[in-house]
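Shown next: query.txt, given as compact mmCIF, C-alpha atoms and all ligand atoms.
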# COMPACT_ATOMS: atom_id res chain seq x y z
CA MET A 28 -29.74 -8.77 4.97
CA ALA A 29 -26.83 -11.05 4.36
CA MET A 30 -24.13 -9.74 6.63
CA GLN A 31 -21.30 -11.59 4.97
CA HIS A 32 -21.43 -9.37 1.92
CA PHE A 33 -19.81 -6.51 3.67
CA LEU A 34 -17.93 -8.37 6.33
CA TYR A 35 -16.00 -10.55 3.93
CA SER A 36 -13.02 -9.16 2.24
CA THR A 37 -12.34 -11.30 -0.80
CA TYR A 38 -8.89 -10.92 -2.17
CA SER A 39 -7.35 -12.45 -5.24
CA ILE A 40 -4.63 -14.62 -3.90
CA ASN A 41 -2.31 -17.16 -5.38
CA TYR A 42 -4.01 -20.04 -3.67
CA GLN A 43 -7.50 -21.12 -2.92
CA LYS A 44 -9.67 -18.74 -0.94
CA ILE A 45 -9.77 -19.81 2.64
CA SER A 46 -12.99 -20.23 4.57
CA PRO A 47 -13.82 -18.13 7.61
CA ILE A 48 -12.87 -19.28 11.08
CA SER A 49 -13.15 -17.63 14.44
CA VAL A 50 -9.97 -16.59 16.06
CA LYS A 51 -9.32 -15.08 19.39
CA LYS A 52 -9.13 -11.36 19.25
CA LYS A 53 -5.67 -10.07 19.90
CA GLN A 54 -5.31 -8.74 23.41
CA SER A 55 -2.75 -6.18 22.52
CA PHE A 56 -2.83 -4.29 19.27
CA LEU A 57 0.27 -2.23 19.59
CA ARG A 58 3.86 -2.72 20.36
CA CYS A 59 6.19 0.10 20.99
CA ALA A 60 9.77 0.04 22.09
CA SER A 61 10.56 2.26 25.00
CA SER A 62 12.44 5.37 24.09
CA ASP A 63 15.57 6.33 25.99
CA THR A 64 15.73 9.79 24.49
CA ALA A 65 13.70 12.85 25.35
CA PRO A 66 10.71 13.51 23.10
CA THR A 67 10.95 16.23 20.50
CA ARG A 68 8.67 19.11 21.34
CA GLN A 69 9.87 21.47 18.68
CA GLU A 70 7.85 22.28 15.58
CA VAL A 71 8.44 19.58 13.00
CA SER A 72 6.97 18.69 9.65
CA LEU A 73 7.24 15.83 7.19
CA SER A 74 8.80 15.37 3.79
CA VAL A 75 6.34 12.98 2.15
CA GLY A 76 6.65 10.60 -0.78
CA THR A 77 3.76 8.46 -2.05
CA TYR A 78 3.38 5.55 -4.44
CA LEU A 79 0.38 3.44 -5.42
CA ILE A 80 0.46 0.29 -7.56
CA PRO A 81 -3.04 -1.02 -8.35
CA HIS A 82 -3.93 -4.72 -8.34
CA PRO A 83 -2.93 -6.12 -11.76
CA ASN A 84 -6.58 -6.71 -12.67
CA LYS A 85 -7.65 -3.22 -11.57
CA VAL A 86 -5.04 -1.06 -13.27
CA GLU A 87 -7.49 0.65 -15.64
CA LYS A 88 -9.70 1.94 -12.85
CA GLY A 89 -6.75 2.74 -10.61
CA GLY A 90 -7.49 0.15 -7.94
CA GLU A 91 -9.63 0.49 -4.81
CA ASP A 92 -7.18 2.06 -2.38
CA ALA A 93 -7.35 5.81 -1.80
CA PHE A 94 -5.04 8.16 0.11
CA PHE A 95 -4.65 11.78 1.12
CA VAL A 96 -1.66 13.84 2.27
CA SER A 97 -2.45 17.37 3.42
CA SER A 98 -0.51 20.10 1.65
CA ASN A 99 0.73 21.51 4.97
CA ASN A 100 3.67 19.12 5.23
CA GLY A 101 1.70 15.97 5.81
CA GLU A 102 -0.03 17.26 8.92
CA VAL A 103 -2.89 14.91 8.06
CA ILE A 104 -2.36 11.64 6.18
CA ALA A 105 -5.03 9.05 5.40
CA VAL A 106 -5.09 5.69 3.63
CA ALA A 107 -8.29 3.74 2.91
CA ASP A 108 -8.75 0.37 1.25
CA GLY A 109 -12.11 -0.43 -0.37
CA VAL A 110 -13.34 -3.92 0.53
CA SER A 111 -13.34 -5.82 -2.74
CA GLY A 112 -16.17 -8.22 -1.81
CA TRP A 113 -18.63 -5.49 -2.86
CA ALA A 114 -17.86 -6.22 -6.52
CA GLU A 115 -19.93 -9.40 -6.10
CA LYS A 116 -22.93 -7.14 -5.45
CA ASN A 117 -22.15 -5.03 -8.51
CA VAL A 118 -20.89 -2.21 -6.32
CA ASP A 119 -17.57 -0.63 -7.28
CA PRO A 120 -15.45 -1.06 -4.11
CA ALA A 121 -13.45 2.07 -4.99
CA LEU A 122 -16.42 4.40 -4.51
CA PHE A 123 -16.61 4.14 -0.72
CA SER A 124 -12.87 4.36 -0.07
CA ARG A 125 -12.47 7.34 -2.41
CA GLU A 126 -15.42 9.25 -1.01
CA LEU A 127 -14.29 8.53 2.55
CA VAL A 128 -10.80 9.90 1.81
CA SER A 129 -12.25 12.87 -0.04
CA ASN A 130 -14.34 13.66 3.04
CA ILE A 131 -11.29 13.30 5.27
CA SER A 132 -9.46 15.83 3.09
CA SER A 133 -12.38 18.30 3.31
CA LEU A 134 -12.76 17.93 7.06
CA ALA A 135 -9.00 18.13 7.65
CA ARG A 136 -9.25 21.83 6.79
CA ASN A 137 -11.91 22.26 9.43
CA ALA A 138 -10.78 23.34 12.89
CA GLU A 139 -13.57 21.32 14.52
CA VAL A 140 -11.55 18.17 13.94
CA ASN A 141 -9.51 19.43 16.86
CA TYR A 142 -6.49 17.33 15.96
CA ASP A 143 -8.22 14.08 16.82
CA PRO A 144 -7.95 11.46 14.06
CA ARG A 145 -10.89 9.51 15.50
CA ILE A 146 -13.16 12.53 15.21
CA LEU A 147 -11.91 13.04 11.67
CA ILE A 148 -12.87 9.43 10.86
CA LYS A 149 -16.25 9.92 12.54
CA GLY A 150 -17.07 13.01 10.48
CA ALA A 151 -15.82 11.57 7.21
CA HIS A 152 -17.74 8.33 7.72
CA ALA A 153 -20.95 10.23 8.49
CA ALA A 154 -20.52 12.33 5.34
CA THR A 155 -19.92 9.33 3.07
CA SER A 156 -23.02 8.31 1.11
CA SER A 157 -21.54 5.70 -1.28
CA ILE A 158 -22.44 2.05 -0.82
CA GLY A 159 -19.50 -0.09 0.24
CA SER A 160 -16.94 -0.41 2.99
CA ALA A 161 -13.30 0.30 3.64
CA THR A 162 -10.50 -0.05 6.14
CA VAL A 163 -8.88 3.27 7.03
CA ILE A 164 -5.93 4.76 8.91
CA VAL A 165 -5.48 8.45 9.69
CA SER A 166 -2.49 10.19 11.25
CA ILE A 167 -2.30 13.77 12.47
CA LEU A 168 1.02 15.44 13.28
CA GLU A 169 0.99 18.35 15.68
CA ASN A 170 3.90 19.82 17.63
CA GLY A 171 6.03 16.74 17.07
CA ILE A 172 3.28 14.43 18.31
CA LEU A 173 1.74 11.91 15.94
CA LYS A 174 -1.82 10.78 16.65
CA ILE A 175 -3.02 7.70 14.84
CA ALA A 176 -6.45 6.10 14.50
CA SER A 177 -6.99 2.92 12.52
CA VAL A 178 -10.00 0.76 11.70
CA GLY A 179 -8.92 -2.50 10.04
CA ASP A 180 -5.66 -3.55 8.47
CA CYS A 181 -4.09 -0.49 6.91
CA GLY A 182 -0.88 0.06 8.84
CA LEU A 183 1.78 2.42 10.10
CA ARG A 184 5.39 1.81 11.06
CA ILE A 185 7.96 4.16 12.54
CA ILE A 186 11.68 3.72 11.98
CA ARG A 187 14.19 5.53 14.18
CA LYS A 188 17.94 5.24 13.65
CA GLY A 189 17.59 2.10 11.56
CA GLN A 190 15.21 0.33 14.00
CA MET A 191 11.48 -0.19 13.79
CA ILE A 192 10.22 1.29 17.05
CA PHE A 193 6.48 1.23 16.43
CA SER A 194 3.96 -0.81 14.50
CA THR A 195 0.18 -0.89 14.38
CA PHE A 196 -1.49 -4.27 14.43
CA PRO A 197 -4.43 -5.14 12.16
CA LEU A 198 -7.89 -5.31 13.67
CA GLU A 199 -9.98 -8.07 12.19
CA HIS A 200 -13.00 -10.26 12.84
CA TYR A 201 -11.10 -13.29 11.57
CA PHE A 202 -8.38 -14.00 9.06
CA ASP A 203 -8.84 -11.89 5.91
CA CYS A 204 -11.88 -10.10 7.31
CA PRO A 205 -10.72 -6.77 8.74
CA TYR A 206 -12.66 -4.31 10.81
CA GLN A 207 -14.15 -1.79 8.41
CA LEU A 208 -16.26 1.30 8.09
CA SER A 209 -19.27 0.73 5.90
CA SER A 210 -22.49 2.10 4.45
CA GLU A 211 -24.27 -0.54 6.54
CA ALA A 212 -25.19 0.11 10.15
CA VAL A 213 -23.85 -3.17 11.56
CA THR A 214 -20.14 -2.72 10.89
CA GLN A 215 -17.52 -0.75 12.79
CA THR A 216 -17.39 2.94 13.58
CA TYR A 217 -14.77 5.43 14.77
CA LEU A 218 -15.38 3.97 18.25
CA ASP A 219 -13.71 0.74 17.09
CA ALA A 220 -10.54 2.51 15.97
CA ILE A 221 -7.31 1.76 17.75
CA VAL A 222 -5.68 5.00 18.76
CA SER A 223 -2.00 5.68 19.44
CA THR A 224 -0.06 8.80 20.31
CA LEU A 225 3.68 9.02 19.76
CA ASP A 226 6.46 11.54 20.20
CA LEU A 227 8.43 11.88 16.99
CA GLN A 228 12.04 12.93 16.64
CA ILE A 229 13.88 14.66 13.83
CA GLY A 230 14.98 11.99 11.35
CA ASP A 231 12.22 9.49 12.21
CA THR A 232 10.58 7.86 9.20
CA ILE A 233 6.87 7.05 9.08
CA ILE A 234 5.61 4.40 6.69
CA MET A 235 1.87 4.22 6.13
CA GLY A 236 0.19 1.85 3.73
CA SER A 237 -2.61 -0.48 2.82
CA ASP A 238 -2.43 -4.19 3.63
CA GLY A 239 -1.06 -4.71 0.10
CA LEU A 240 2.25 -3.40 1.46
CA PHE A 241 2.32 -5.13 4.84
CA ASP A 242 1.01 -8.50 3.60
CA ASN A 243 3.81 -8.68 1.06
CA ALA A 244 6.81 -7.01 2.69
CA PHE A 245 8.37 -7.98 6.01
CA ASP A 246 9.24 -5.33 8.56
CA GLN A 247 12.97 -6.12 8.19
CA GLU A 248 12.68 -5.49 4.45
CA ILE A 249 10.87 -2.21 5.07
CA VAL A 250 13.63 -1.08 7.45
CA SER A 251 16.28 -2.05 4.91
CA VAL A 252 14.61 -0.15 2.06
CA VAL A 253 13.99 2.95 4.16
CA THR A 254 17.53 3.10 5.55
CA THR A 255 19.06 2.78 2.07
CA ASN A 256 16.78 5.37 0.39
CA ASP A 257 17.22 8.88 1.77
CA ASP A 258 14.73 10.39 -0.63
CA VAL A 259 11.15 9.78 0.51
CA SER A 260 9.75 9.47 -3.02
CA ASN A 261 12.39 6.91 -3.96
CA ALA A 262 11.74 5.02 -0.72
CA ALA A 263 7.97 4.93 -1.35
CA LYS A 264 8.48 3.63 -4.88
CA ALA A 265 11.09 1.08 -3.77
CA LEU A 266 8.75 -0.25 -1.06
CA ALA A 267 5.81 -0.48 -3.47
CA ASP A 268 7.97 -2.26 -6.06
CA LEU A 269 9.23 -4.69 -3.42
CA ALA A 270 5.69 -5.50 -2.26
CA ARG A 271 4.51 -5.78 -5.86
CA ASN A 272 7.30 -8.22 -6.76
CA HIS A 273 6.54 -10.38 -3.74
CA SER A 274 2.79 -10.24 -4.44
CA VAL A 275 3.19 -11.98 -7.81
CA ASP A 276 5.75 -14.50 -6.55
CA THR A 277 3.96 -17.77 -5.80
CA LYS A 278 7.09 -19.20 -4.15
CA PHE A 279 7.71 -16.28 -1.78
CA ASP A 280 6.92 -17.01 1.84
CA SER A 281 5.16 -13.70 2.43
CA PRO A 282 3.87 -12.27 5.72
CA TYR A 283 0.43 -13.15 4.35
CA SER A 284 1.22 -16.83 3.71
CA LEU A 285 2.98 -17.12 7.08
CA GLU A 286 -0.09 -15.69 8.78
CA ALA A 287 -2.40 -17.99 6.80
CA ARG A 288 -0.44 -21.06 7.89
CA ALA A 289 -0.31 -19.82 11.47
CA ARG A 290 -4.10 -19.65 11.37
CA GLY A 291 -4.32 -23.23 10.14
CA PHE A 292 -4.68 -22.70 6.40
CA ASP A 293 -2.32 -24.76 4.31
CA VAL A 294 -2.05 -27.14 1.39
CA PRO A 295 -3.74 -30.57 1.90
CA TRP A 296 -1.91 -33.13 4.10
CA TRP A 297 -0.79 -35.20 1.10
CA LYS A 298 1.01 -32.19 -0.35
CA LYS A 299 2.68 -31.56 3.01
CA PHE A 300 3.80 -35.18 2.85
CA PHE A 301 5.81 -34.17 -0.24
CA GLY A 302 7.28 -31.21 1.61
CA MET A 303 4.94 -28.64 0.06
CA LYS A 304 3.37 -25.75 1.93
CA LEU A 305 1.14 -22.82 1.27
CA THR A 306 3.25 -19.94 -0.01
CA GLY A 307 2.93 -16.86 -2.18
CA GLY A 308 2.34 -13.15 -1.90
CA LYS A 309 -1.08 -11.57 -2.02
CA LEU A 310 -2.22 -9.78 -5.16
CA ASP A 311 -3.68 -6.48 -4.02
CA ASP A 312 -3.60 -2.72 -4.46
CA ILE A 313 -0.40 -1.44 -2.84
CA THR A 314 -0.36 2.04 -1.32
CA VAL A 315 2.82 3.35 0.30
CA ILE A 316 3.37 6.71 2.02
CA VAL A 317 6.79 7.56 3.44
CA GLY A 318 7.23 10.62 5.63
CA LYS A 319 10.49 11.84 7.10
CA VAL A 320 10.40 14.12 10.14
CA LYS A 321 12.30 17.38 9.69
CA ILE A 322 12.51 20.73 11.43
CA LEU A 323 9.73 23.01 10.26
MN MN A 401 -5.90 -4.30 0.32

If you convert what's in this file into structure tokens, what do you get?
Ligand SMILES: [Mn+2]
Amino acid sequence: MAMQHFLYSTYSINYQKISPISVKKKQSFLRCASSDTAPTRQEVSLSVGTYLIPHPNKVEKGGEDAFFVSSNNGEVIAVADGVSGWAEKNVDPALFSRELVSNISSLARNAEVNYDPRILIKGAHAATSSIGSATVIVSILENGILKIASVGDCGLRIIRKGQMIFSTFPLEHYFDCPYQLSSEAVTQTYLDAIVSTLDLQIGDTIIMGSDGLFDNAFDQEIVSVVTTNDDVSNAAKALADLARNHSVDTKFDSPYSLEARARGFDVPWWKKFFGMKLTGGKLDDITVIVGKVKIL
């Protein structure tokens, strides 16, 4: 079986598709500022706002991202991103991500999950029968503690008092090929998830999203939008609109184009000679979930 079909994530981008290279795996996947305040142990919940903008070419079918927010104040939140390379095999990439998230929502009501997002991913993956693959991130909030498990390049940020104090890092095989859960046996499992546990405080804001958000919007921009939008629904929409506007801007030096150049992908040398460089956002489905921590 040709492995590349499910390992490659082919995105529509504003410049030529890059070819795979090996890169050194990141040693550290998380960064987290130390907290000088005592953790909140009281019962908290989230006000949650969500917004999804599908890839411009996938509007009719609603894109290939999928998400879930549990009705009990965002106790469980999940985002999955179907790997678009499956379309080349005549498989709808949305099927796997949607079924995976649907299974997460069913299992989230089941006490056996035991408040462990990795076990939730394990169960949902096992129950998914669609062909395809997806990146996924799951967070579970319990007693003011947020547990996160992520396979691939969906992300989560936490903003406290106007500062970003936590960020997940993407897990990938190489540039543009994220870790992913799949219908095939050879890809990643819940065991490959990065797991984090954080104490949340009243007023903290959680931003979860697919790579369509984080490839197109810088962390500073995310902080700025969140701190100027008190309402979580407005903040989610504003972040999605920002990422969307950058994604179609071929001149914008996006996080994605910066990363591409850092990995050695750029315009040919003769274009550099004329001062040109690889720029542009990345066209993609954009899923944004904003949750604000409040007293239950
Ligand atoms: Mn994506």

- Name the residues, by chain letter and number, that sit within 6 Å of ligand MN 401 (chain A) using all atoms listed in the file, and give them as a list in words.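 My answer, listing the contacting residues, is Asp108, Ser237, Asp238, Gly239, Asp311 and Asp312 of chain A.
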
- Residues near segment 248-259 of chain A, cut-off 7 Å, all atoms listed in the file, skip fewer than 3 positions along chain, as a ChimeraX atom specification: /A:74-76,186,189-191,244-245,262-263,265-266,317-319

- Which neighbours of Leu168 of chain A fall inside 7 Å, counting only C-alpha atoms, when residues of the same chain fewer than 6 positions from it are skipped, and could you give them as a PyMOL selection string? chain A and resi 102-103+174

- Message: List as a list in words the protein and nucleic acid residues near segment 215-230 of chain A, meaning an atom at most 8 Å away when only C-alpha atoms are counted, but skip any in the same chain fewer than 6 places from it.
- Response: Phe56, Pro66, Thr67, Arg68, Val71, Arg145, Ile146, Ile148, Lys149, His152, Gly171, Ile172, Leu173, Lys174, Ile175, Ala176, Ser177, Val178, Gly179, Arg187, Lys188, Tyr206, Gln207, Leu208, Ser209, Lys319, Val320, Lys321 and Ile322 of chain A

Resulting file, chosen residues, C-alpha atoms, as a PDB file, in the frame of the given file:
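Here's the written file selection_20.pdb:
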ATOM      1  CA  PHE A  56      -2.830  -4.290  19.270  1.00  0.00           C
ATOM      2  CA  PRO A  66      10.710  13.510  23.100  1.00  0.00           C
ATOM      3  CA  THR A  67      10.950  16.230  20.500  1.00  0.00           C
ATOM      4  CA  ARG A  68       8.670  19.110  21.340  1.00  0.00           C
ATOM      5  CA  VAL A  71       8.440  19.580  13.000  1.00  0.00           C
ATOM      6  CA  ARG A 145     -10.890   9.510  15.500  1.00  0.00           C
ATOM      7  CA  ILE A 146     -13.160  12.530  15.210  1.00  0.00           C
ATOM      8  CA  ILE A 148     -12.870   9.430  10.860  1.00  0.00           C
ATOM      9  CA  LYS A 149     -16.250   9.920  12.540  1.00  0.00           C
ATOM     10  CA  HIS A 152     -17.740   8.330   7.720  1.00  0.00           C
ATOM     11  CA  GLY A 171       6.030  16.740  17.070  1.00  0.00           C
ATOM     12  CA  ILE A 172       3.280  14.430  18.310  1.00  0.00           C
ATOM     13  CA  LEU A 173       1.740  11.910  15.940  1.00  0.00           C
ATOM     14  CA  LYS A 174      -1.820  10.780  16.650  1.00  0.00           C
ATOM     15  CA  ILE A 175      -3.020   7.700  14.840  1.00  0.00           C
ATOM     16  CA  ALA A 176      -6.450   6.100  14.500  1.00  0.00           C
ATOM     17  CA  SER A 177      -6.990   2.920  12.520  1.00  0.00           C
ATOM     18  CA  VAL A 178     -10.000   0.760  11.700  1.00  0.00           C
ATOM     19  CA  GLY A 179      -8.920  -2.500  10.040  1.00  0.00           C
ATOM     20  CA  ARG A 187      14.190   5.530  14.180  1.00  0.00           C
ATOM     21  CA  LYS A 188      17.940   5.240  13.650  1.00  0.00           C
ATOM     22  CA  TYR A 206     -12.660  -4.310  10.810  1.00  0.00           C
ATOM     23  CA  GLN A 207     -14.150  -1.790   8.410  1.00  0.00           C
ATOM     24  CA  LEU A 208     -16.260   1.300   8.090  1.00  0.00           C
ATOM     25  CA  SER A 209     -19.270   0.730   5.900  1.00  0.00           C
ATOM     26  CA  LYS A 319      10.490  11.840   7.100  1.00  0.00           C
ATOM     27  CA  VAL A 320      10.400  14.120  10.140  1.00  0.00           C
ATOM     28  CA  LYS A 321      12.300  17.380   9.690  1.00  0.00           C
ATOM     29  CA  ILE A 322      12.510  20.730  11.430  1.00  0.00           C
TER      30      ILE A 322
END

- Message: Quick check, in Å to one decimal: how far apart do atom CA of Glu70 of chain A and atom CA of Glu169 of chain A lie?
- Response: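 These atoms are spaced 7.9 Å apart.
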
With the input short on atoms, add N, CA and C atoms back to segment 87-107 of chain A and write it as an mmCIF file, in the frame of the given file.
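Below you can see result-v8.cif, which holds the result:
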data_model
loop_
_atom_site.group_PDB
_atom_site.id
_atom_site.type_symbol
_atom_site.label_atom_id
_atom_site.label_comp_id
_atom_site.auth_asym_id
_atom_site.auth_seq_id
_atom_site.Cartn_x
_atom_site.Cartn_y
_atom_site.Cartn_z
ATOM 1 N N GLU A 87 -6.750 -0.351 -14.843
ATOM 2 C CA GLU A 87 -7.490 0.650 -15.640
ATOM 3 C C GLU A 87 -8.280 1.601 -14.766
ATOM 4 N N LYS A 88 -8.897 1.076 -13.728
ATOM 5 C CA LYS A 88 -9.700 1.940 -12.850
ATOM 6 C C LYS A 88 -8.882 2.520 -11.701
ATOM 7 N N GLY A 89 -7.623 2.151 -11.617
ATOM 8 C CA GLY A 89 -6.750 2.740 -10.610
ATOM 9 C C GLY A 89 -6.796 2.055 -9.260
ATOM 10 N N GLY A 90 -7.424 0.887 -9.198
ATOM 11 C CA GLY A 90 -7.490 0.150 -7.940
ATOM 12 C C GLY A 90 -8.565 0.674 -7.010
ATOM 13 N N GLU A 91 -8.576 0.147 -5.783
ATOM 14 C CA GLU A 91 -9.630 0.490 -4.810
ATOM 15 C C GLU A 91 -9.081 1.106 -3.530
ATOM 16 N N ASP A 92 -7.767 1.302 -3.491
ATOM 17 C CA ASP A 92 -7.180 2.060 -2.380
ATOM 18 C C ASP A 92 -7.366 3.557 -2.671
ATOM 19 N N ALA A 93 -7.330 4.357 -1.633
ATOM 20 C CA ALA A 93 -7.350 5.810 -1.800
ATOM 21 C C ALA A 93 -6.484 6.401 -0.692
ATOM 22 N N PHE A 94 -5.843 7.538 -0.956
ATOM 23 C CA PHE A 94 -5.040 8.160 0.110
ATOM 24 C C PHE A 94 -5.073 9.675 -0.014
ATOM 25 N N PHE A 95 -4.676 10.323 1.075
ATOM 26 C CA PHE A 95 -4.650 11.780 1.120
ATOM 27 C C PHE A 95 -3.471 12.228 1.978
ATOM 28 N N VAL A 96 -2.729 13.205 1.483
ATOM 29 C CA VAL A 96 -1.660 13.840 2.270
ATOM 30 C C VAL A 96 -1.937 15.332 2.238
ATOM 31 N N SER A 97 -2.128 15.945 3.398
ATOM 32 C CA SER A 97 -2.450 17.370 3.420
ATOM 33 C C SER A 97 -1.265 18.186 2.916
ATOM 34 N N SER A 98 -1.566 19.296 2.282
ATOM 35 C CA SER A 98 -0.510 20.100 1.650
ATOM 36 C C SER A 98 0.392 20.751 2.693
ATOM 37 N N ASN A 99 -0.108 20.899 3.933
ATOM 38 C CA ASN A 99 0.730 21.510 4.970
ATOM 39 C C ASN A 99 1.665 20.473 5.597
ATOM 40 N N ASN A 100 2.596 20.007 4.779
ATOM 41 C CA ASN A 100 3.670 19.120 5.230
ATOM 42 C C ASN A 100 3.168 17.838 5.895
ATOM 43 N N GLY A 101 2.155 17.255 5.321
ATOM 44 C CA GLY A 101 1.700 15.970 5.810
ATOM 45 C C GLY A 101 1.120 16.003 7.210
ATOM 46 N N GLU A 102 0.567 17.167 7.589
ATOM 47 C CA GLU A 102 -0.030 17.260 8.920
ATOM 48 C C GLU A 102 -1.135 16.212 9.101
ATOM 49 N N VAL A 103 -1.873 15.967 8.041
ATOM 50 C CA VAL A 103 -2.890 14.910 8.060
ATOM 51 C C VAL A 103 -2.601 13.954 6.901
ATOM 52 N N ILE A 104 -2.554 12.665 7.215
ATOM 53 C CA ILE A 104 -2.360 11.640 6.180
ATOM 54 C C ILE A 104 -3.422 10.563 6.399
ATOM 55 N N ALA A 105 -4.020 10.101 5.296
ATOM 56 C CA ALA A 105 -5.030 9.050 5.400
ATOM 57 C C ALA A 105 -4.833 8.030 4.290
ATOM 58 N N VAL A 106 -5.067 6.765 4.627
ATOM 59 C CA VAL A 106 -5.090 5.690 3.630
ATOM 60 C C VAL A 106 -6.355 4.887 3.878
ATOM 61 N N ALA A 107 -7.099 4.596 2.805
ATOM 62 C CA ALA A 107 -8.290 3.740 2.910
ATOM 63 C C ALA A 107 -8.219 2.666 1.843
#
